[in-house]
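Heads up, the thing below is written out as structure tokens.
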Amino acid sequence: MLDNNCIFCKIIKGEIPSAKVYEDEKMLVFKDIQPKAKVHLLAIAKNHFPYLDGMDGEQTELIAYMLKKIPQIAKENGCENGYRLIINQGESAGQTVFHVHIHIMGGEILPW
Ligand code: 5GP
Ligand code: ZN
């Protein structure tokens, strides 16, 4: 299910343009509009849910599916030497888009 008011759902539907690097029937990966690393991608499921908290079984499987796909996608997009995955959850973490997304960051040495 998608949410009409969610910007990432609009990106999935093509109502907002994005620089897509990977897409299949379950997930989409596109470039972050304000990159905070040389390579900064966002992986999203084609299913709207705002938090890891409260996921149903299908949503949990989608997260596992994305984690299985990400290594190859990262390698093909400039992260041959490693990458960092981040999932911001809630206000203190600075979450601004409430459609669960995995930040994929790399392409350079990342300070911790
Ligand atoms: P959060 O802080 O919620 O974990 O991350 C949301 C991310 O989405 C931010 O890094 C922000 O730059 C990115 N973002 C927000 N709106 C858009 C958009 O319309 N297009 C793209 N490509 N990225 C977006
Ligand atoms: Zn959404």
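Chains: A, B, ... in order of the structure tokens. Residues: from 1 per chain. Ligands: from 1, in order shown.
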*asked:* Which residues are near Ile109 of chain A? Cut-off 10 Å, only C-alpha atoms, ignore same chain within fewer than 6 positions. Put them as a PyMOL selection string.
replied: chain A and resi 37-38+81-83
*asked:* Taking only C-alpha atoms and all ligand atoms and a cut-off of 12 Å, can you tell me which residues surround ligand 1, written as a PyMOL selection string?
replied: chain A and resi 6-12+14-21+28-37+39-44+50-51+85-105
*asked:* If DSSP is run on the backbone, what residues of chain A are strand (DSSP E)? A reply as a PyMOL selection string would be ideal.
replied: chain A and resi 20-23+27-31+39-45+83-86+101-106
Next, dump the selected residues to file, keeping only N, CA, C and O atoms, as a compact mmCIF listing (two decimals), in the first residue's frame.
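For reference, out_35.txt as written:
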```txt
# COMPACT_ATOMS: atom_id res chain seq x y z
N LYS A 20 16.91 7.29 -10.29
CA LYS A 20 16.82 5.88 -9.88
C LYS A 20 18.08 5.13 -10.30
O LYS A 20 18.56 5.31 -11.41
N VAL A 21 18.58 4.29 -9.41
CA VAL A 21 19.71 3.44 -9.79
C VAL A 21 19.33 1.96 -9.81
O VAL A 21 20.02 1.15 -10.40
N TYR A 22 18.23 1.60 -9.15
CA TYR A 22 17.77 0.20 -9.16
C TYR A 22 16.27 0.17 -8.87
O TYR A 22 15.79 0.91 -8.02
N GLU A 23 15.56 -0.70 -9.57
CA GLU A 23 14.14 -0.86 -9.28
C GLU A 23 13.72 -2.29 -9.62
O GLU A 23 14.14 -2.85 -10.63
N MET A 27 11.16 -3.04 -4.51
CA MET A 27 11.96 -1.95 -3.94
C MET A 27 12.46 -0.99 -5.00
O MET A 27 12.46 -1.30 -6.20
N LEU A 28 12.90 0.18 -4.52
CA LEU A 28 13.46 1.21 -5.39
C LEU A 28 14.68 1.81 -4.68
O LEU A 28 14.65 2.00 -3.46
N VAL A 29 15.73 2.08 -5.45
CA VAL A 29 16.91 2.77 -4.92
C VAL A 29 17.18 3.99 -5.79
O VAL A 29 17.20 3.88 -7.02
N PHE A 30 17.34 5.14 -5.16
CA PHE A 30 17.56 6.39 -5.90
C PHE A 30 18.54 7.26 -5.14
O PHE A 30 18.82 7.04 -3.96
N LYS A 31 19.07 8.27 -5.84
CA LYS A 31 20.07 9.15 -5.23
C LYS A 31 19.41 10.14 -4.28
O LYS A 31 18.37 10.73 -4.62
N VAL A 39 28.86 9.01 -2.42
CA VAL A 39 27.72 8.20 -2.86
C VAL A 39 26.70 8.20 -1.74
O VAL A 39 27.04 7.87 -0.59
N HIS A 40 25.48 8.63 -2.03
CA HIS A 40 24.43 8.65 -1.01
C HIS A 40 23.12 8.25 -1.71
O HIS A 40 22.52 9.05 -2.43
N LEU A 41 22.74 6.99 -1.47
CA LEU A 41 21.52 6.44 -2.07
C LEU A 41 20.49 6.18 -0.98
O LEU A 41 20.84 6.05 0.19
N LEU A 42 19.24 6.10 -1.40
CA LEU A 42 18.16 5.74 -0.48
C LEU A 42 17.45 4.51 -1.04
O LEU A 42 17.06 4.51 -2.22
N ALA A 43 17.32 3.49 -0.21
CA ALA A 43 16.58 2.28 -0.60
C ALA A 43 15.23 2.29 0.12
O ALA A 43 15.18 2.47 1.34
N ILE A 44 14.17 2.11 -0.66
CA ILE A 44 12.81 2.09 -0.06
C ILE A 44 12.03 0.89 -0.60
O ILE A 44 12.24 0.45 -1.74
N ALA A 45 11.13 0.40 0.25
CA ALA A 45 10.22 -0.66 -0.18
C ALA A 45 9.01 -0.02 -0.84
O ALA A 45 8.62 1.11 -0.52
N TYR A 83 30.64 0.49 2.46
CA TYR A 83 29.53 1.46 2.53
C TYR A 83 28.94 1.39 3.92
O TYR A 83 29.21 0.46 4.69
N ARG A 84 28.15 2.38 4.22
CA ARG A 84 27.48 2.44 5.54
C ARG A 84 25.98 2.49 5.31
O ARG A 84 25.50 3.23 4.45
N LEU A 85 25.23 1.72 6.11
CA LEU A 85 23.77 1.75 6.06
C LEU A 85 23.25 2.46 7.30
O LEU A 85 23.71 2.16 8.41
N ILE A 86 22.29 3.35 7.11
CA ILE A 86 21.70 4.09 8.23
C ILE A 86 20.18 4.08 8.07
O ILE A 86 19.67 4.32 6.96
N HIS A 101 13.31 4.08 5.16
CA HIS A 101 14.30 4.11 4.09
C HIS A 101 15.67 3.80 4.66
O HIS A 101 15.98 4.15 5.80
N ILE A 102 16.47 3.15 3.84
CA ILE A 102 17.84 2.79 4.23
C ILE A 102 18.79 3.70 3.46
O ILE A 102 18.83 3.67 2.23
N HIS A 103 19.55 4.51 4.20
CA HIS A 103 20.60 5.32 3.56
C HIS A 103 21.78 4.40 3.24
O HIS A 103 22.22 3.63 4.11
N ILE A 104 22.28 4.49 2.03
CA ILE A 104 23.48 3.75 1.61
C ILE A 104 24.54 4.82 1.31
O ILE A 104 24.35 5.61 0.38
N MET A 105 25.61 4.84 2.11
CA MET A 105 26.60 5.91 1.96
C MET A 105 27.99 5.32 1.77
O MET A 105 28.36 4.35 2.42
N GLY A 106 28.74 5.92 0.84
CA GLY A 106 30.09 5.42 0.59
C GLY A 106 30.76 6.22 -0.51
O GLY A 106 30.49 7.40 -0.68
```
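The shortest atom-to-atom distance to ligand 2, with only C-alpha atoms and all ligand atoms taken into account, belongs to A:His48 out of A:Lys68, A:His48, A:Lys13, A:Lys26.
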_With distances taken over only C-alpha atoms and all ligand atoms, which residue among A:Asp24, A:Leu62, A:Lys46, A:Lys69 lies nearest ligand 2?_
A:Lys46
